[in-house]
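K.L.:
Sharing a structure with you now.
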Amino acid sequence: MANRSPKLSRLAPTERAQALISYADGKLVNSERVLARFQTDLNADLNFHQGMIVLTSQRLMHVESTKGGAVQMKAWPIAEIDDLVLEEFGATATIHLMQGSASSYQWRTTGGRVREADTLLSKFKAQRKVVLSITPFDPPTKLDESEVDGAEKEVVLPPRQAMVRLWKFVKPWRKQMAIATLLTLASTGASMIWPGLTMPLVDKVLIPLHEGKPNVNPHLVYYYIAALAGAAILAWALNWAKTYILARVSERVASQLRRQTFNHIQELSLTYFNKKRTGDLISRISSDTDEICYFISVNLIGFADDVLMIVFTAAILFTIDPIMAICALAPLPIVAWLVQRVRELLRGGFAAGSRAWSQMTSVLADTIPGVRVVKAFAQERREVERFRAADQQVVDANDRVNKTWSFFEPMIVLLSDTGLLVVWGIGAWSVAHHQITVGILTGFIAYIGRFYGRLDSMSRMLAAVQRAAASAHRVFDVLDVKPDMPNTMSTKHIGRLQGEIEFRDVKFRYGARQIMRGVSLKIAPGEMIGLVGPSGAGKTTLVNLACRFFEVSEGAILVDGIDLRELNVEDYRKNLGLVLQEPYLFYGTILENIAYGKQDATRAEVIAAARAARAHEFIMRLQDGYDSMVGERGQQLSGGERQRISIARALLINPAILILDEATSSVDTETEREIQAALENLITGRTTIAIAHRLGTLRRANRLVVMDDGRISEIGSHEELLKSSGTYSRLHQAMMEVTNG
Amino acid sequence: MSEVATNFTLEMDNECNLTLIDAAGVRHEKARPVRLFPLTDPSAWISIVNAQGQELACVKQIDTLPDALREMLLKALANRDFVPVIRSIKSVTRAPTGHAWTVVTDRGETIFQTESDESIQQLGGSRLVVIDARNTRYLIPDVNALDAKSRQRLERYY
């Protein structure tokens with residue numbers, strides 16, 4: 001059923017997608033709601049071709065443009081589709097529309113979209129159940145709707161200009177900005193008085209005096225000089241006030257930007273941090289916001305002021321002498337053309353500069369924490385080289401800008417000098433022919449000097465504007481990342497949990513890689529589960545899913561019978577204690593580190609937790625006791641000591657669910673025994689999932705779960721698993737050989 | 001927590017060596033008191049450990065102890081914990097490595113050297129601790145309580 005529609009081929013991809021969406025939306029019948037959209041990007045021949053699969057409450061629709069540029073739509077009632085099946089080929093994937101056991105229609109897409117395809121598929125399955133069942137009530141649909149809203153936002157969001165968006169941050173201070181603008185205009189006005197006063201000073205006082213005319217009032221000199229001084233002082237005072245206000249406002253805008261960006265990245269999931277380089281994020285939050293701050297304090301109003309000033313001066317010049325004004329302003333079009341050309345060059349240059357800068361920060365953020373590895377492998381020279389290369393990039397990027405720049409600025413000066421020369425020439429001729437007075441010429445020269453001075457500063461600002469635009473763009477880049485785990489939709493607040501965890505056919509895909517291939521497991525409250533299996537089997541992923549660091553692609557995780565996705569993340573994590581292989585201590589005292597998860601803990605509670613974690617005695621031995629600084633630049637603690645602090649930290653929040661991810665694998669046997677004892681205290685009465693390579697660590701476990709390639713391969717007690725001679729007994733065998741041999 | 005006794009007596013000989021006699025009457029010689037929060041709360045949370053560093057007793061509030069006990073504890077602590085409190089800063093100058101400080105403390109005027117910016121640590125709020133090159137701690141309980149001149153001198157480096 002092909003339909004007439006606007007020509008799509010001429011539109012940009014995002015606009016085309018938008019057009020497809022609105023086209024499909026136009027085809028909705030009454031009471032039909034959109035549940036999900038999925039953009040297909042390949043055709044059957046694997047050429048790029050945009051299409052849109054739209055899942056509504058009643059139908060599955062597909063819209064795409066035909067060769068002629070028209071839009072064509074196909075639709076299937078959900079009840080007539082038996083299934084949607086995703087077939088993956090790595091770089092590409094195919095969605096099959098199954099009717100009966102045959103695939104009656106296929107869509108192709110690039111591999112990067114499989115995650116979204118998964119979402120579509122699961123929503124389709126849920127909706128199909130709803131359609132086929134008689135009861136229309138189904139809570140998940142509610143949940144889906146809000147997700148569609150989110151997904152929509154991502155598509156609809158127009159690529160607004162970074163500088164325009166910056167206004168949103170300046171807006172709260174618009175009053176101050178208005179005052180600053182007024183002050184700027186006033187101070188500009190005050191500075192315009194100067195040349196205006198020099199004209200009568202020359203014509204009425206200096207020249208008559210010079211020519212020895214008798215009736216000159218000498219007091220006029222004092223009068224004019226006093227007026228000039230007054231104007232100067234006025235301009236100074238106004239400038240002072242303006243600079244102060246602008247500096248204050250810009251500092252606050254930049255701070256707001258920094259905080260908002262930081263708050264925003266705190267909301268993002270681990271997936272984002274896995275993809276981003278630390279140095280890049282640091283430089284976006286620190287140096288890019290600083291660029292913006294500088295821009296607002298120095299350039300924003302200055303630019304407007306310059307434009308006004310130029311217009312005013314031009315007007316004054318014309319009122320003094322139109323012909324001379326035209327001659328003097330002759331180079332202006334050339335300047336305008338130059339500015340236009342240079343602007344493009346500069347913007348690209350500054351963006352490259354910012355990128356190079358963050359590259360360099362990344363090298364630093366990489367090398368400094370990793371200094372031990374660098375030294376151990378004697379790779380100092382290589383790191384020096386790496387930094388040199390990154391720094392060279394910065395130099396090169398800036399060189400490119402400077403090249404443009406160094407040509408541009410003197411060029412402006414040359415052009416303004418040309419303008420001045422013309423004025424001098426014509427002026428001298430006019431004075432000689434008594435068409436104007438010397439005073440007028442002096443005033444004219446003074447005005448034109450200011451005019452070109454402003455032009456010069458405006459051109460200088462051009463760089464600042466472009467630089468700030470590039471920086472603003474980088475900051476908004478971060479702000480525009482949508483948290484992929486929206487916490488806002490229908491979250492249930494909970495208090496303390498019982499600690500029952502159920503994995504229901506959990507599947508998880510990271511990028512195009514399938515890591516979890518369907519895990520089902522029910523853990524009773526208070527039960528301890530030992531997770532074992534070869535590296536890469538998905539143990540840590542399972543734990544990360546249970547912590548909701550990642551979102552399951554399919555299936556569900558239920559805690560106390562509630563879907564994890566419906567729980568308020570913060571409430572849930574308060575029930576969660578996490579002890580990792582590499583304990584992370586923040587820069588601060590031991591007291592602060594233990595109380596990290598419970599800021600209002602009393603000292604007695606902290607000490608009790610430290611005692612239970614077997615950390616109390618070594619802490620007492622430190623010179624500053626619980627006041628000892630630890631973390632990045634603090635006291636040197638051993639791995640076992642750090643681990644015990646992190647156990648105390650987990651103990652203090654008294655979690656219902658405890659997760660131990662290789663908690664003892666980085667320490668020696670002696671320390672492990674200490675930690676083990678500390679863990680005994682921690683485990684009691686809590687649901688525990690422990691990952692360990694040393695199988696001995698899991699002695700206390702009620703059940704051992706053996707994982708292999710994203711699936712559970714065996715479950716049972718130590719003895720049972722040994723008897724069954726599966727993966728576990730092989731692992732056990734291997735470990736015995738290592739310890740004995 | 002229950003394992004730590006709060007019921008005990010102390011004896012002190014002429015060399016200031018402490019002996020702790022626990023509730024069961026067992027004598028622990030060469031016991032020594034340890035402040036758990038020597039910088040942020042020196043008057044509370046004092047633990048008494050034996051020669052091996054194992055905890056024998058823990059006192060939450062020293063004021064709750066009988067006078068004789070308290071005095072013995074304080075005397076023993078005075079020898080161990082030496083944390084002068086900086087009252088004012090006379091000068092901070094650049095030294096070949098780090099900075100040289102001249103300060104007036106609650107124990108008199110002194111000079112010391114610090115090694116780097118990290119020698120000054122913030123302990124929550126306006127409480128600072130300065131660790132000198134010889135690992136002595138100097139406490140500034142409240143930066144804002146210092147006189148203006150001292151604060152200015154400090155500000156340049158902190």
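Here's how to read the names in the structure tokens: chain A, B, ... by the order shown, residue numbers from 1 in each chain, ligand numbers from 1 in the order shown.
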May I have the residues of chain B within 8 Å of chain A, counting only C-alpha atoms, written as a list in words?
P.N.:
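Result: Met1, Val34, Arg35, Leu36, Phe37, Pro38, Leu39, Thr40, Gly53, Gln54, Glu55, Glu118 and Leu123 of chain B.
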K.L.:
For the residues selected in the previous step, produce a file with C-alpha atoms as a CSV table (one decimal), in the first residue's frame.
P.N.:
```csv
chain,number,residue,atom,x,y,z
B,1,MET,CA,32.3,-5.2,70.6
B,34,VAL,CA,46.2,4.5,72.0
B,35,ARG,CA,44.0,7.3,70.8
B,36,LEU,CA,41.7,6.1,68.0
B,37,PHE,CA,41.0,9.6,66.8
B,38,PRO,CA,44.2,11.5,67.8
B,39,LEU,CA,43.4,14.4,65.4
B,40,THR,CA,39.7,14.8,65.3
B,53,GLY,CA,49.1,-4.6,70.1
B,54,GLN,CA,46.0,-6.6,71.0
B,55,GLU,CA,43.2,-4.6,72.4
B,118,GLU,CA,50.3,17.1,50.6
B,123,LEU,CA,40.3,16.7,58.2
```
K.L.:
Residues at most 8 Å from stretch 138-155 of chain B, counting only C-alpha atoms, excluding those fewer than 6 positions away in the same chain, as a compact mmCIF listing (two decimals) with N, CA and C atoms, in the first residue's frame?
P.N.:
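Wrote it out as part39.txt, contents follow:
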```
# COMPACT_ATOMS: atom_id res chain seq x y z
N LEU B 39 43.50 13.07 66.03
CA LEU B 39 43.43 14.40 65.43
C LEU B 39 42.05 15.01 65.49
N VAL B 83 51.01 16.10 69.63
CA VAL B 83 50.41 16.83 68.51
C VAL B 83 50.24 18.28 68.92
N PRO B 84 51.27 19.11 68.69
CA PRO B 84 51.14 20.52 69.08
C PRO B 84 50.03 21.19 68.28
N VAL B 85 49.36 22.11 68.92
CA VAL B 85 48.29 22.85 68.25
C VAL B 85 48.85 24.21 67.83
N ILE B 86 48.75 24.51 66.56
CA ILE B 86 49.29 25.78 66.06
C ILE B 86 48.36 26.92 66.45
N ARG B 87 48.91 27.92 67.14
CA ARG B 87 48.11 29.07 67.58
C ARG B 87 48.24 30.21 66.57
N SER B 88 49.48 30.42 66.08
CA SER B 88 49.63 31.43 65.03
C SER B 88 50.84 31.08 64.16
N ILE B 89 50.82 31.59 62.95
CA ILE B 89 51.90 31.30 62.01
C ILE B 89 52.71 32.56 61.80
N LYS B 90 53.99 32.48 62.15
CA LYS B 90 54.85 33.67 62.05
C LYS B 90 55.32 33.86 60.62
N SER B 91 55.74 32.78 60.00
CA SER B 91 56.15 32.90 58.60
C SER B 91 56.16 31.54 57.93
N VAL B 92 55.92 31.57 56.64
CA VAL B 92 56.09 30.37 55.82
C VAL B 92 56.93 30.80 54.63
N SER B 126 37.03 22.84 58.89
CA SER B 126 38.15 23.77 58.85
C SER B 126 39.33 23.25 59.67
N ARG B 127 39.32 21.95 59.96
CA ARG B 127 40.39 21.38 60.76
C ARG B 127 41.52 20.93 59.84
N LEU B 128 42.72 21.39 60.12
CA LEU B 128 43.85 21.03 59.28
C LEU B 128 44.91 20.34 60.11
N VAL B 129 45.64 19.46 59.46
CA VAL B 129 46.80 18.90 60.13
C VAL B 129 48.00 19.13 59.20
N VAL B 130 49.09 19.60 59.78
CA VAL B 130 50.31 19.82 59.02
C VAL B 130 51.31 18.77 59.45
N ILE B 131 51.82 18.01 58.49
CA ILE B 131 52.78 16.96 58.82
C ILE B 131 54.15 17.41 58.35
N ASP B 132 55.09 17.52 59.27
CA ASP B 132 56.39 18.05 58.87
C ASP B 132 57.28 16.92 58.35
```
K.L.:
Please list as number ranges by chain every residue within 12 Å of A:Val395, counting only C-alpha atoms and excluding residues in the same chain fewer than 3 positions away.
P.N.:
A: 349-350, 352-357, 360, 388-392, 398-403
K.L.:
Just to be explicit: take each residue in the selection above, keep C-alpha atoms, and write the result as a CSV table (one decimal), in the first residue's frame.
P.N.:
```
chain,number,residue,atom,x,y,z
A,349,GLY,CA,40.9,24.6,14.4
A,350,PHE,CA,39.7,25.1,17.9
A,352,ALA,CA,40.7,20.1,16.9
A,353,GLY,CA,42.7,21.9,19.6
A,354,SER,CA,40.2,20.9,22.3
A,355,ARG,CA,40.3,17.3,21.1
A,356,ALA,CA,44.0,17.3,21.1
A,357,TRP,CA,44.0,18.7,24.6
A,360,MET,CA,46.8,14.8,26.2
A,388,ARG,CA,55.3,14.0,23.4
A,389,ALA,CA,53.2,12.8,20.6
A,390,ALA,CA,50.0,13.9,22.3
A,391,ASP,CA,51.5,17.2,23.2
A,392,GLN,CA,52.7,17.6,19.6
A,398,ASN,CA,47.2,25.3,17.8
A,399,ASP,CA,49.8,26.0,15.1
A,400,ARG,CA,47.1,25.7,12.5
A,401,VAL,CA,44.9,28.1,14.3
A,402,ASN,CA,47.8,30.5,14.8
A,403,LYS,CA,48.7,30.4,11.1
```
K.L.:
At a cut-off of 12 Å, using only C-alpha atoms, what residues contact A:Leu364? Leave out same-chain residues fewer than 2 positions from it and give the result as a CSV table (one decimal) with C-alpha atoms, in the first residue's frame.
P.N.:
```
chain,number,residue,atom,x,y,z
A,277,ARG,CA,38.4,7.8,28.6
A,278,THR,CA,38.8,9.4,32.0
A,279,GLY,CA,41.1,12.1,30.8
A,280,ASP,CA,38.7,13.2,28.1
A,282,ILE,CA,38.1,15.4,33.0
A,283,SER,CA,39.1,17.9,30.4
A,357,TRP,CA,44.0,18.7,24.6
A,358,SER,CA,41.7,16.0,25.9
A,359,GLN,CA,43.9,13.4,24.2
A,360,MET,CA,46.8,14.8,26.2
A,361,THR,CA,44.8,14.7,29.4
A,362,SER,CA,43.9,11.1,28.6
A,366,ASP,CA,46.4,6.9,32.0
A,367,THR,CA,50.1,7.1,32.8
A,368,ILE,CA,50.1,8.6,36.3
A,369,PRO,CA,47.9,6.0,38.0
A,370,GLY,CA,49.6,3.3,36.0
A,371,VAL,CA,53.1,4.5,37.0
A,383,GLU,CA,55.4,7.0,28.0
A,384,VAL,CA,57.5,10.1,27.4
A,386,ARG,CA,53.5,9.0,24.0
A,387,PHE,CA,53.1,12.2,25.9
A,388,ARG,CA,55.3,14.0,23.4
A,390,ALA,CA,50.0,13.9,22.3
A,391,ASP,CA,51.5,17.2,23.2
```
K.L.:
From a DSSP pass on the backbone, collect the residues of chain B flagged as strand (DSSP E or B) and hand them back as a ChimeraX atom specification.
P.N.:
/B:5,8-12,18-22,27-35,44-49,55-61,85-94,99-105,108-114,120-122,128-131,137-140
